[in-house]
$ cat query_0.cif   # mmCIF, C-alpha atoms (C1' of nucleotides)
data_target
loop_
_atom_site.label_atom_id
_atom_site.label_comp_id
_atom_site.auth_asym_id
_atom_site.auth_seq_id
_atom_site.Cartn_x
_atom_site.Cartn_y
_atom_site.Cartn_z
CA MET Q 1 -144.97 -85.34 -51.07
CA ALA Q 2 -142.87 -86.49 -48.21
CA ALA Q 3 -144.61 -85.84 -44.90
CA ASN Q 4 -143.37 -82.89 -42.87
CA SER Q 5 -141.11 -84.25 -40.14
CA GLN Q 6 -139.45 -81.00 -39.12
CA PHE Q 7 -140.90 -80.96 -35.63
CA ALA Q 8 -139.68 -84.49 -34.92
CA THR Q 9 -136.28 -83.65 -36.35
CA ALA Q 10 -136.09 -80.41 -34.38
CA VAL Q 11 -136.76 -82.25 -31.13
CA HIS Q 12 -134.05 -84.73 -32.02
CA VAL Q 13 -131.55 -81.99 -32.83
CA LEU Q 14 -132.30 -79.99 -29.70
CA THR Q 15 -131.93 -83.10 -27.58
CA ILE Q 16 -128.47 -83.66 -29.00
CA LEU Q 17 -127.55 -80.07 -28.26
CA ALA Q 18 -128.86 -80.43 -24.72
CA LYS Q 19 -126.78 -83.53 -24.17
CA ASN Q 20 -123.68 -81.65 -25.29
CA ASN Q 21 -124.38 -78.91 -22.82
CA LYS Q 22 -122.84 -75.65 -24.00
CA GLU Q 23 -120.34 -77.22 -26.41
CA ARG Q 24 -120.59 -76.27 -30.05
CA VAL Q 25 -121.93 -79.14 -32.10
CA LYS Q 26 -121.27 -79.39 -35.83
CA SER Q 27 -124.06 -79.89 -38.35
CA ASP Q 28 -122.13 -82.86 -39.72
CA TYR Q 29 -122.33 -84.66 -36.40
CA ILE Q 30 -126.03 -83.95 -35.96
CA ALA Q 31 -126.72 -85.09 -39.52
CA GLY Q 32 -125.07 -88.38 -38.67
CA SER Q 33 -127.40 -89.01 -35.75
CA VAL Q 34 -130.50 -87.94 -37.67
CA ASN Q 35 -129.29 -89.80 -40.75
CA THR Q 36 -129.69 -86.99 -43.23
CA ASN Q 37 -127.71 -84.35 -45.08
CA PRO Q 38 -125.90 -81.63 -43.07
CA VAL Q 39 -127.60 -78.93 -45.13
CA VAL Q 40 -130.99 -80.19 -44.02
CA ILE Q 41 -129.82 -79.75 -40.44
CA ARG Q 42 -128.37 -76.30 -41.03
CA ARG Q 43 -131.62 -75.23 -42.64
CA LEU Q 44 -133.56 -76.44 -39.62
CA LEU Q 45 -131.10 -74.81 -37.21
CA SER Q 46 -131.69 -71.59 -39.07
CA SER Q 47 -135.39 -71.69 -38.08
CA LEU Q 48 -134.51 -72.59 -34.52
CA GLN Q 49 -132.06 -69.73 -34.36
CA GLU Q 50 -134.70 -67.31 -35.55
CA ALA Q 51 -136.88 -68.50 -32.68
CA ASN Q 52 -134.00 -67.89 -30.26
CA LEU Q 53 -133.73 -71.52 -29.29
CA VAL Q 54 -130.15 -72.02 -30.48
CA GLU Q 55 -127.06 -69.98 -31.33
CA SER Q 56 -124.45 -70.75 -33.94
CA GLN Q 57 -120.89 -69.79 -34.57
CA VAL Q 58 -119.37 -69.85 -38.04
CA GLY Q 59 -115.76 -70.66 -38.89
CA VAL Q 60 -113.30 -73.25 -37.67
CA ALA Q 61 -114.39 -74.71 -34.34
CA GLY Q 62 -117.84 -73.35 -35.11
CA GLY Q 63 -121.11 -75.12 -34.40
CA THR Q 64 -124.39 -74.74 -32.60
CA PHE Q 65 -125.45 -74.76 -28.96
CA LEU Q 66 -128.67 -74.22 -27.03
CA ALA Q 67 -129.60 -70.63 -26.34
CA LYS Q 68 -131.69 -71.59 -23.28
CA ARG Q 69 -131.73 -74.34 -20.71
CA PRO Q 70 -133.83 -77.41 -21.68
CA LYS Q 71 -136.27 -76.70 -18.87
CA ASP Q 72 -137.00 -73.32 -20.44
CA ILE Q 73 -137.76 -74.66 -23.91
CA ARG Q 74 -141.38 -75.62 -24.32
CA LEU Q 75 -142.37 -78.02 -27.08
CA SER Q 76 -144.86 -75.44 -28.29
CA GLU Q 77 -141.97 -73.09 -29.04
CA ILE Q 78 -140.28 -75.75 -31.11
CA TYR Q 79 -143.51 -76.50 -32.94
CA LYS Q 80 -144.09 -72.85 -33.73
CA ALA Q 81 -140.50 -72.40 -34.86
CA VAL Q 82 -140.67 -75.06 -37.56
CA SER Q 83 -144.28 -75.77 -38.53
CA CYS Q 84 -146.84 -73.87 -40.49
CA GLY Q 85 -149.02 -74.87 -37.55
CA GLU Q 86 -152.02 -76.37 -39.28
CA VAL Q 87 -153.41 -79.75 -38.31
CA PHE Q 88 -155.62 -80.00 -41.38
CA ALA Q 89 -155.62 -78.04 -44.64
CA LEU Q 90 -158.44 -76.02 -46.13
CA HIS Q 91 -159.73 -76.58 -49.67
CA PRO Q 92 -157.13 -75.96 -52.35
CA ASN Q 93 -159.82 -74.51 -54.64
CA LYS Q 94 -162.31 -71.82 -53.79
CA PRO Q 95 -165.80 -73.27 -53.26
CA ASP Q 96 -168.70 -72.19 -55.46
CA GLU Q 97 -170.02 -68.82 -54.29
CA ASN Q 98 -173.47 -69.55 -55.70
CA CYS Q 99 -173.98 -72.54 -53.44
CA PRO Q 100 -175.29 -71.57 -50.00
CA VAL Q 101 -172.99 -74.11 -48.38
CA GLY Q 102 -169.96 -73.37 -50.54
CA LYS Q 103 -170.34 -69.67 -49.86
CA ASN Q 104 -170.06 -69.96 -46.08
CA ILE Q 105 -168.17 -73.14 -45.33
CA ALA Q 106 -164.67 -71.68 -45.68
CA ALA Q 107 -165.08 -69.24 -42.81
CA ILE Q 108 -166.42 -71.93 -40.49
CA LEU Q 109 -163.63 -74.34 -41.37
CA CYS Q 110 -161.02 -71.67 -40.88
CA GLU Q 111 -162.37 -70.95 -37.42
CA LEU Q 112 -162.37 -74.64 -36.57
CA GLN Q 113 -158.85 -74.99 -37.91
CA LYS Q 114 -157.62 -72.24 -35.61
CA GLU Q 115 -159.30 -73.82 -32.63
CA ILE Q 116 -157.74 -77.21 -33.28
CA ASP Q 117 -154.35 -75.68 -33.84
CA LYS Q 118 -154.66 -73.83 -30.56
CA THR Q 119 -155.54 -77.09 -28.80
CA VAL Q 120 -152.38 -78.71 -30.11
CA GLU Q 121 -150.28 -75.77 -29.10
CA GLU Q 122 -151.69 -75.77 -25.59
CA LYS Q 123 -150.92 -79.44 -25.23
CA LEU Q 124 -147.36 -79.00 -26.46
CA ASN Q 125 -146.98 -76.09 -24.11
CA GLN Q 126 -147.34 -78.48 -21.20
CA TYR Q 127 -143.99 -80.12 -21.90
CA THR Q 128 -140.43 -78.87 -21.92
CA LEU Q 129 -137.42 -80.27 -23.69
CA ARG Q 130 -136.16 -81.40 -20.28
CA ASP Q 131 -139.27 -83.54 -19.78
CA LEU Q 132 -138.46 -85.42 -22.99
CA ILE Q 133 -134.80 -85.83 -22.09
CA GLU Q 134 -135.78 -87.29 -18.74
CA LYS Q 135 -137.98 -89.81 -20.51
CA ILE Q 136 -135.13 -90.83 -22.77
CA GLU Q 137 -132.88 -91.33 -19.77
CA GLU Q 138 -135.42 -93.58 -18.11
CA ASN Q 139 -134.83 -96.15 -20.85
CA MET K 1 -147.14 -82.49 -52.05
CA ALA K 2 -150.45 -80.84 -51.98
CA ALA K 3 -151.65 -80.50 -48.40
CA ASN K 4 -154.27 -83.00 -47.27
CA SER K 5 -157.62 -81.23 -47.33
CA GLN K 6 -159.83 -84.28 -47.11
CA PHE K 7 -161.22 -83.45 -43.70
CA ALA K 8 -162.25 -79.97 -44.80
CA THR K 9 -163.76 -81.36 -47.98
CA ALA K 10 -165.58 -84.08 -46.07
CA VAL K 11 -167.18 -81.54 -43.77
CA HIS K 12 -168.26 -79.52 -46.80
CA VAL K 13 -169.73 -82.57 -48.51
CA LEU K 14 -171.57 -83.77 -45.41
CA THR K 15 -173.01 -80.30 -44.87
CA ILE K 16 -174.43 -80.35 -48.38
CA LEU K 17 -175.97 -83.75 -47.74
CA ALA K 18 -177.45 -82.52 -44.46
CA LYS K 19 -179.01 -79.55 -46.21
CA ASN K 20 -180.63 -81.87 -48.73
CA ASN K 21 -182.10 -83.94 -45.96
CA LYS K 22 -182.71 -87.47 -47.17
CA GLU K 23 -182.68 -86.69 -50.88
CA ARG K 24 -180.04 -88.38 -53.01
CA VAL K 25 -177.39 -85.93 -54.10
CA LYS K 26 -175.24 -86.58 -57.17
CA SER K 27 -171.45 -86.41 -57.07
CA ASP K 28 -171.60 -83.97 -59.98
CA TYR K 29 -173.59 -81.48 -57.95
CA ILE K 30 -171.30 -81.78 -54.92
CA ALA K 31 -168.23 -81.40 -57.12
CA GLY K 32 -169.69 -78.15 -58.38
CA SER K 33 -169.99 -76.71 -54.90
CA VAL K 34 -166.56 -77.92 -53.81
CA ASN K 35 -165.08 -76.89 -57.17
CA THR K 36 -163.36 -80.13 -58.01
CA ASN K 37 -163.74 -83.26 -60.10
CA PRO K 38 -166.70 -85.61 -59.41
CA VAL K 39 -164.33 -88.56 -59.07
CA VAL K 40 -162.53 -86.83 -56.22
CA ILE K 41 -165.89 -86.56 -54.48
CA ARG K 42 -166.86 -90.16 -55.14
CA ARG K 43 -163.52 -91.27 -53.78
CA LEU K 44 -164.11 -89.29 -50.60
CA LEU K 45 -167.70 -90.55 -50.31
CA SER K 46 -166.31 -94.04 -50.49
CA SER K 47 -164.36 -93.44 -47.27
CA LEU K 48 -167.36 -91.85 -45.61
CA GLN K 49 -169.50 -94.79 -46.60
CA GLU K 50 -167.03 -97.19 -45.07
CA ALA K 51 -167.36 -95.24 -41.83
CA ASN K 52 -171.15 -95.54 -42.05
CA LEU K 53 -171.67 -91.81 -42.35
CA VAL K 54 -173.37 -91.88 -45.76
CA GLU K 55 -175.16 -94.27 -48.06
CA SER K 56 -175.11 -94.30 -51.83
CA GLN K 57 -177.32 -95.66 -54.57
CA VAL K 58 -176.00 -96.45 -58.03
CA GLY K 59 -177.92 -96.10 -61.29
CA VAL K 60 -180.37 -93.58 -62.67
CA ALA K 61 -181.71 -91.32 -59.92
CA GLY K 62 -178.83 -92.52 -57.78
CA GLY K 63 -176.79 -90.42 -55.41
CA THR K 64 -175.73 -90.14 -51.80
CA PHE K 65 -177.47 -89.24 -48.56
CA LEU K 66 -176.60 -89.09 -44.87
CA ALA K 67 -176.76 -92.35 -42.98
CA LYS K 68 -177.29 -90.59 -39.65
CA ARG K 69 -178.76 -87.35 -38.42
CA PRO K 70 -176.30 -84.42 -38.28
CA LYS K 71 -176.58 -84.28 -34.51
CA ASP K 72 -175.30 -87.87 -34.37
CA ILE K 73 -172.22 -87.26 -36.50
CA ARG K 74 -169.24 -86.13 -34.46
CA LEU K 75 -166.39 -84.31 -36.18
CA SER K 76 -164.03 -86.90 -34.73
CA GLU K 77 -165.81 -89.57 -36.76
CA ILE K 78 -165.31 -87.58 -39.93
CA TYR K 79 -161.67 -86.99 -39.08
CA LYS K 80 -161.04 -90.66 -38.44
CA ALA K 81 -162.88 -91.64 -41.62
CA VAL K 82 -160.60 -89.63 -43.91
CA SER K 83 -157.27 -88.92 -42.19
CA CYS K 84 -154.29 -90.96 -41.30
CA GLY K 85 -154.62 -89.11 -38.01
CA GLU K 86 -151.14 -87.77 -37.47
CA VAL K 87 -150.52 -84.17 -36.56
CA PHE K 88 -146.78 -84.37 -37.19
CA ALA K 89 -144.68 -86.98 -38.96
CA LEU K 90 -141.80 -88.98 -37.59
CA HIS K 91 -138.38 -89.07 -39.26
CA PRO K 92 -138.41 -90.50 -42.79
CA ASN K 93 -135.00 -92.13 -42.13
CA LYS K 94 -134.02 -94.30 -39.22
CA PRO K 95 -131.80 -92.42 -36.76
CA ASP K 96 -128.28 -93.66 -36.03
CA GLU K 97 -128.43 -96.55 -33.57
CA ASN K 98 -124.93 -95.80 -32.31
CA CYS K 99 -125.90 -92.36 -31.06
CA PRO K 100 -127.46 -92.45 -27.58
CA VAL K 101 -130.02 -89.87 -28.63
CA GLY K 102 -130.74 -91.35 -32.05
CA LYS K 103 -131.21 -94.76 -30.49
CA ASN K 104 -134.03 -93.71 -28.16
CA ILE K 105 -135.65 -90.65 -29.66
CA ALA K 106 -138.02 -92.48 -32.01
CA ALA K 107 -139.94 -94.21 -29.23
CA ILE K 108 -140.37 -90.97 -27.30
CA LEU K 109 -141.56 -89.08 -30.36
CA CYS K 110 -143.97 -91.83 -31.25
CA GLU K 111 -145.48 -91.66 -27.79
CA LEU K 112 -145.78 -87.89 -28.03
CA GLN K 113 -147.33 -88.18 -31.47
CA LYS K 114 -150.03 -90.47 -30.15
CA GLU K 115 -150.77 -88.15 -27.28
CA ILE K 116 -151.15 -85.13 -29.56
CA ASP K 117 -153.33 -87.06 -31.98
CA LYS K 118 -155.55 -88.11 -29.09
CA THR K 119 -155.85 -84.50 -28.00
CA VAL K 120 -157.06 -83.48 -31.44
CA GLU K 121 -159.55 -86.30 -31.57
CA GLU K 122 -160.97 -85.42 -28.20
CA LYS K 123 -161.42 -81.83 -29.26
CA LEU K 124 -163.16 -82.83 -32.49
CA ASN K 125 -165.35 -85.17 -30.52
CA GLN K 126 -166.88 -82.17 -28.78
CA TYR K 127 -168.62 -81.01 -31.95
CA THR K 128 -171.27 -82.52 -34.17
CA LEU K 129 -172.07 -81.79 -37.78
CA ARG K 130 -175.20 -80.03 -36.55
CA ASP K 131 -173.11 -77.62 -34.50
CA LEU K 132 -171.30 -76.55 -37.66
CA ILE K 133 -174.48 -76.23 -39.67
CA GLU K 134 -175.96 -73.99 -37.01
CA LYS K 135 -172.93 -71.76 -37.22
CA ILE K 136 -173.31 -71.48 -40.97
CA GLU K 137 -176.93 -70.52 -40.59
CA GLU K 138 -176.05 -67.75 -38.16
CA ASN K 139 -174.30 -65.89 -40.99
"C1'" DT B 1 -102.68 -68.10 -45.67
"C1'" DG B 2 -105.03 -72.40 -45.33
"C1'" DA B 3 -108.37 -75.31 -43.22
"C1'" DA B 4 -112.84 -76.03 -41.30
"C1'" DC B 5 -116.95 -74.39 -40.41
"C1'" DT B 6 -121.84 -72.06 -41.21
"C1'" DG B 7 -125.27 -69.91 -44.28
"C1'" DT B 8 -127.74 -70.06 -48.22
"C1'" DA B 9 -128.94 -70.37 -53.14
"C1'" DT B 10 -130.15 -73.58 -56.58
"C1'" DC B 11 -131.53 -77.65 -58.35
"C1'" DA B 12 -132.74 -82.76 -58.25
"C1'" DA B 13 -135.32 -86.48 -56.30
"C1'" DT B 14 -139.12 -88.28 -53.78
"C1'" DA B 15 -143.59 -88.80 -52.39
"C1'" DA B 16 -148.30 -87.51 -51.32
"C1'" DA B 17 -152.29 -85.52 -52.75
"C1'" DT B 18 -155.43 -83.95 -56.26
"C1'" DG B 19 -157.24 -84.10 -60.92
"C1'" DT B 20 -158.54 -86.69 -65.26
"C1'" DT B 21 -159.97 -90.33 -68.30
"C1'" DA B 22 -162.11 -94.49 -69.05
"C1'" DC B 23 -165.17 -97.98 -68.36
"C1'" DA B 24 -167.71 -101.81 -65.88
"C1'" DA B 25 -171.79 -102.54 -63.14
"C1'" DA B 26 -176.23 -101.28 -61.51
"C1'" DA B 27 -180.71 -99.20 -61.51
"C1'" DT B 28 -184.57 -97.23 -63.70
"C1'" DA B 29 -187.73 -95.80 -67.10
"C1'" DA B 30 -189.51 -96.05 -71.61
"C1'" DT Z 1 -184.99 -105.32 -73.48
"C1'" DT Z 2 -182.70 -101.32 -74.45
"C1'" DA Z 3 -181.04 -96.71 -73.66
"C1'" DT Z 4 -179.76 -93.64 -70.15
"C1'" DT Z 5 -177.90 -92.11 -65.98
"C1'" DT Z 6 -175.25 -92.69 -62.20
"C1'" DT Z 7 -171.88 -94.83 -58.86
"C1'" DG Z 8 -167.42 -97.32 -58.14
"C1'" DT Z 9 -162.89 -97.83 -59.16
"C1'" DA Z 10 -158.64 -98.55 -61.77
"C1'" DA Z 11 -155.01 -96.29 -64.04
"C1'" DC Z 12 -152.47 -92.55 -65.05
"C1'" DA Z 13 -151.15 -87.43 -65.21
"C1'" DT Z 14 -150.36 -83.30 -62.74
"C1'" DT Z 15 -149.23 -80.52 -58.98
"C1'" DT Z 16 -146.87 -79.31 -55.01
"C1'" DA Z 17 -144.50 -79.89 -50.51
"C1'" DT Z 18 -140.65 -81.82 -48.57
"C1'" DT Z 19 -136.24 -83.73 -48.38
"C1'" DG Z 20 -131.71 -84.38 -50.26
"C1'" DA Z 21 -127.45 -82.84 -52.88
"C1'" DT Z 22 -124.10 -79.69 -54.82
"C1'" DA Z 23 -121.72 -75.59 -54.82
"C1'" DC Z 24 -119.72 -71.77 -53.03
"C1'" DA Z 25 -119.29 -67.24 -50.47
"C1'" DG Z 26 -118.18 -65.56 -45.99
"C1'" DT Z 27 -116.11 -66.36 -41.17
"C1'" DT Z 28 -113.09 -67.69 -37.85
"C1'" DC Z 29 -108.95 -69.27 -36.08
"C1'" DA Z 30 -104.47 -71.43 -35.90
#
$ encode --input "query_0.cif" --output "structure tokens"
Amino acid sequence: MAANSQFATAVHVLTILAKNNKERVKSDYIAGSVNTNPVVIRRLLSSLQEANLVESQVGVAGGTFLAKRPKDIRLSEIYKAVSCGEVFALHPNKPDENCPVGKNIAAILCELQKEIDKTVEEKLNQYTLRDLIEKIEEN
Amino acid sequence: MAANSQFATAVHVLTILAKNNKERVKSDYIAGSVNTNPVVIRRLLSSLQEANLVESQVGVAGGTFLAKRPKDIRLSEIYKAVSCGEVFALHPNKPDENCPVGKNIAAILCELQKEIDKTVEEKLNQYTLRDLIEKIEEN
DNA sequence: TGAACTGTATCAATAAATGTTACAAAATAA
DNA sequence: TTATTTTGTAACATTTATTGATACAGTTCA
């Protein structure tokens, strides 16, 4: 499949919204910057709205704007809003129950998976959207 | 696509090899425990062999065994041997160069991506295969 | 009332991963 | 030396996650 790039796209979209302050931005405009279809953007905005990161207005002169200030949006919130949150996947098939290893490995891997995911989340929690915007402006 | 479960499978496979000490284990047997096709296992073993984690012998009475002791195999080595090593993907399409955000976002995201990947690797470096095996035996 | 939006359902296209088949090459044992 | 067993790998099929596209109902506002 295509690799999941929703987190990267979400950061891009939120940065655009931040730059436009409290103005309503149209999905068409955002799609132009991201270079994709407006529906893809609206779908993503839907997830971000559910996480209370953005607000949208329908109708003429509608569009989307940030629901919080960039300094109050942590990257971990963005990550949680759009990802399934798993760094590596578990086996697609159930291991053989008759094998002593197969029988017990799944639980151990699941535990490890959670620990790694938590590590990523903690790291992303150290940055806010404002931190990223400042880096962009340094260029 | 199907989610990449190679790391989880690799850990499973290496645990089986560890349990069988220095005996040669056949891909058919491993495939039984993992519940997949032997060729999938041989393909994975090929990557692990390249990373010097296992050795294989072809022919009658052939099979695979660990190239190092479990306490000398760090989970980070396994991860590097089988993954592309990216927690989240960048945009599939190139952002619009005319947009001030689109123009600069890729570099920032790439930097962030590397930092997150490094965080995961460091965490996985804290554990050895033996640590996992001990956990399994506690059950 | 008409125009310009979002929201969302549905389907098509793409791409990555796994699963399968086939067979050459190697090792061993009889 | 021949038959057997096993790895290694190429080639292709299948599955599934993601993105992209089309269509249209529902809102808002002039």
$ interface_residues --input "query_0.cif" --of "chain K" --to "chain B" --cutoff "8 Å" --atoms "only C-alpha atoms (C1' of nucleotides)" --output "ChimeraX atom specification"
/K:1-4,36-37,40,58-62
$ resolve_selection --input "query_0.cif" --expression "the PyMOL selection byres ((chain Z) within 8 of (chain Q))" --output "list in words"
DT16, DA17, DT18, DT19, DG20, DA21, DT27, DT28 and DC29 of chain Z
$ atom_distance --input "query_0.cif" --atom1 "atom CA of Pro100 of chain K" --atom2 "atom CA of Val25 of chain Q"
15.1 Å
$ resolve_selection --input "query_0.cif" --expression "the PyMOL selection byres ((chain Q) within 6 of (chain K))" --output "PyMOL selection string"
chain Q and resi 1+4-5+8+33-35+87+89-91+95-96+99+102
$ resolve_selection --input "query_0.cif" --expression "the PyMOL selection byres ((chain K and resi 42) around 10)" --output "PyMOL selection string"
(chain K and resi 26-28+30-31+37-41+43-48+56+63-64) or (chain Z and resi 7-9)
$ atom_distance --input "query_0.cif" --atom1 "atom CA of Ala18 of chain K" --atom2 "atom CA of Leu66 of chain K"
6.6 Å
$ atom_distance --input "query_0.cif" --atom1 "atom CA of Lys80 of chain K" --atom2 "atom CA of Lys114 of chain Q"
18.9 Å
$ residues_around --input "query_0.cif" --residues "Ala67 of chain Q" --least-positions-apart "2" --cutoff "7 Å" --atoms "only C-alpha atoms (C1' of nucleotides)" --output "PyMOL selection string"
chain Q and resi 52-55+65
$ axis_aligned_box --input "query_0.cif" --around "segment 37-52 of chain K" --padding-each-side "8 Å" --output "JSON"
{"center_x": -166.8, "center_y": -90.2, "center_z": -51.0, "size_x": 24.6, "size_y": 29.9, "size_z": 34.3}
$ residues_around --input "query_0.cif" --residues "Arg130 of chain K" --least-positions-apart "6" --cutoff "10 Å" --atoms "only C-alpha atoms (C1' of nucleotides)" --output "list in words"
Thr15, Ala18, Arg69, Pro70, Lys71, Asp72, Ile73, Arg74, Leu75 and Ile136 of chain K
$ write_last_selection --input "query_0.cif" --atoms "C-alpha atoms" --output "PDB file, keeping the file's coordinate frame"
ATOM      1  CA  THR K  15    -173.010 -80.300 -44.870  1.00  0.00           C
ATOM      2  CA  ALA K  18    -177.450 -82.520 -44.460  1.00  0.00           C
ATOM      3  CA  ARG K  69    -178.760 -87.350 -38.420  1.00  0.00           C
ATOM      4  CA  PRO K  70    -176.300 -84.420 -38.280  1.00  0.00           C
ATOM      5  CA  LYS K  71    -176.580 -84.280 -34.510  1.00  0.00           C
ATOM      6  CA  ASP K  72    -175.300 -87.870 -34.370  1.00  0.00           C
ATOM      7  CA  ILE K  73    -172.220 -87.260 -36.500  1.00  0.00           C
ATOM      8  CA  ARG K  74    -169.240 -86.130 -34.460  1.00  0.00           C
ATOM      9  CA  LEU K  75    -166.390 -84.310 -36.180  1.00  0.00           C
ATOM     10  CA  ILE K 136    -173.310 -71.480 -40.970  1.00  0.00           C
TER      11      ILE K 136
END
